[in-house]
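Notes for the one structure printed next.
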Amino acid sequence: MVADPRTKRIAGLQRLVTLQRQLQKLAEADLAQANREREDVRIAIENLVAAMSGMSATHRLFPHLYARQLSTLKARDQVLVGQIELHKARINTERTRGDRVGDRLDKANQDSERHFDDEALFDMLDGVNKTDG
């Protein structure tokens with residue numbers, strides 16, 4: 001038996017909604033990972049600054065190494081800030097797409113229900129006409 005086009009459309013839209021929600025969750029996971037990495041970089045910067053400002057004679061011998069490490073950590077922090085912004089934008093995009101597809105799914109479900117109600121009404125009218133004639 002051939003599937004009703006409405007049923008196929010609804011099934012396709014349901015798959016799309018599921019896919020969009022999965023893409024949104026992936027983007028949220030990427031955002032969480034970037035935030036964790038940024039927190040690690042922040043802690044490393046704090047530890048490095050504490051070591052640089054410490055009273056230990058060993059730390060005072062290598063200020064150029066610490067400056068290079070600090071520069072590298074700050075650059076990594078800036079990269080992570082950019083990644084975080086991209087992940088936030090991706091989350092919003094996927095959420096918006098999912099909402100739009102969800103709205104289309106709701107409309108398709110309503111149209112399908114309306115079609116089945118109309119068909120039931122027509123069947124009932126045909127039954128009444130057959131008993132009268």
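Order determines the names: the first chain of the structure tokens is A, the second B, and so forth; residues in each chain are numbered 1 upward, and ligands are numbered 1 upward as they are shown.
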Handout entry: Contacts of Arg104 in chain A within 12 Å, only C-alpha atoms, excl. fewer than 5 positions in-chain, as a ChimeraX atom specification
Key = /A:9-14,16-17,97-99,109-111
Exercise for the section: Give me the residues within 12 Å of Gln20 in chain A as number ranges by chain, counting only C-alpha atoms and dropping any in the same chain fewer than 6 places off. Expected result: A: 13-14, 26-27, 90-102
Let me see the file: selected residues, C-alpha atoms, as a PDB file, in the first residue's frame.
ATOM      1  CA  LEU A  13       9.273  16.758   9.382  1.00  0.00           C
ATOM      2  CA  GLN A  14       9.524  14.716  12.585  1.00  0.00           C
ATOM      3  CA  LEU A  26      26.043  19.140  19.732  1.00  0.00           C
ATOM      4  CA  ALA A  27      26.531  22.896  19.555  1.00  0.00           C
ATOM      5  CA  ARG A  90      25.329  28.147  16.090  1.00  0.00           C
ATOM      6  CA  ILE A  91      23.083  27.218  19.016  1.00  0.00           C
ATOM      7  CA  ASN A  92      20.722  30.072  18.187  1.00  0.00           C
ATOM      8  CA  THR A  93      20.697  29.122  14.507  1.00  0.00           C
ATOM      9  CA  GLU A  94      19.932  25.465  15.206  1.00  0.00           C
ATOM     10  CA  ARG A  95      17.276  26.380  17.772  1.00  0.00           C
ATOM     11  CA  THR A  96      15.606  28.750  15.302  1.00  0.00           C
ATOM     12  CA  ARG A  97      15.691  26.150  12.532  1.00  0.00           C
ATOM     13  CA  GLY A  98      14.268  23.528  14.866  1.00  0.00           C
ATOM     14  CA  ASP A  99      11.486  25.870  15.940  1.00  0.00           C
ATOM     15  CA  ARG A 100      10.598  26.664  12.333  1.00  0.00           C
ATOM     16  CA  VAL A 101      10.501  22.990  11.369  1.00  0.00           C
ATOM     17  CA  GLY A 102       8.489  22.277  14.517  1.00  0.00           C
TER      18      GLY A 102
END
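Distances to Thr18 in chain A were evaluated for A:Leu105, A:Glu113, A:Gln33, A:Asp4 using only C-alpha atoms, and the minimum falls at A:Leu105.
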Exercise for the section: For CA of Arg60 in chain A and CA of Ile43 in chain A, determine how far apart the two atoms are, in Å to one decimal place. Expected result: 20.7 Å
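Of the residues listed (A:Asp118, A:Ser112, A:Lys25, A:Val41), A:Val41 shows the shortest atom-to-atom separation from Ala75 in chain A; distances use only C-alpha atoms.
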Problem - Exercise: Glu37 in chain A partners within 9 Å, only C-alpha atoms, chain neighbours under 5 positions left out, as a list in words - result: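 Selected residues are Ala32, Arg42, Asp77 and Leu80 of chain A.
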Would you output that residue set with N, CA and C atoms, as a PDB file, in the first residue's frame?
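Written output follows (part-v4.pdb):
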ATOM      1  N   ALA A  32      30.066  24.130  25.842  1.00  0.00           N
ATOM      2  CA  ALA A  32      30.482  23.743  27.195  1.00  0.00           C
ATOM      3  C   ALA A  32      31.974  23.380  27.221  1.00  0.00           C
ATOM      4  N   ARG A  42      42.282  30.378  32.038  1.00  0.00           N
ATOM      5  CA  ARG A  42      42.230  31.431  33.065  1.00  0.00           C
ATOM      6  C   ARG A  42      43.011  31.016  34.313  1.00  0.00           C
ATOM      7  N   ASP A  77      43.264  32.335  24.958  1.00  0.00           N
ATOM      8  CA  ASP A  77      42.040  32.845  25.554  1.00  0.00           C
ATOM      9  C   ASP A  77      41.214  33.608  24.513  1.00  0.00           C
ATOM     10  N   LEU A  80      39.586  31.201  22.166  1.00  0.00           N
ATOM     11  CA  LEU A  80      38.441  30.551  22.816  1.00  0.00           C
ATOM     12  C   LEU A  80      37.244  31.492  22.911  1.00  0.00           C
TER      13      LEU A  80
END
Exercise for the section: Rank A:Ala50, A:Leu86, A:Ala44, A:Met55 by their smallest atom-to-atom distance to Leu73 in chain A, using only C-alpha atoms, and report the top residue only. Expected result: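 Among the listed residues, the smallest separation from Leu73 in chain A belongs to A:Ala44.
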Completion exercise
Expressed in Å, the length from CA of Gln69 in chain A to CA of Lys88 in chain A is 28.5 Å
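Each of A:Leu19, A:Arg6, A:Ala57, A:Asn47 was compared to Arg114 in chain A using only C-alpha atoms, and A:Arg6 turns out to be the nearest.
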Problem - d(CA of Asp30 in chain A, CA of Gln83 in chain A) in Å - result: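 Distance between the two atoms: 9.1 Å.
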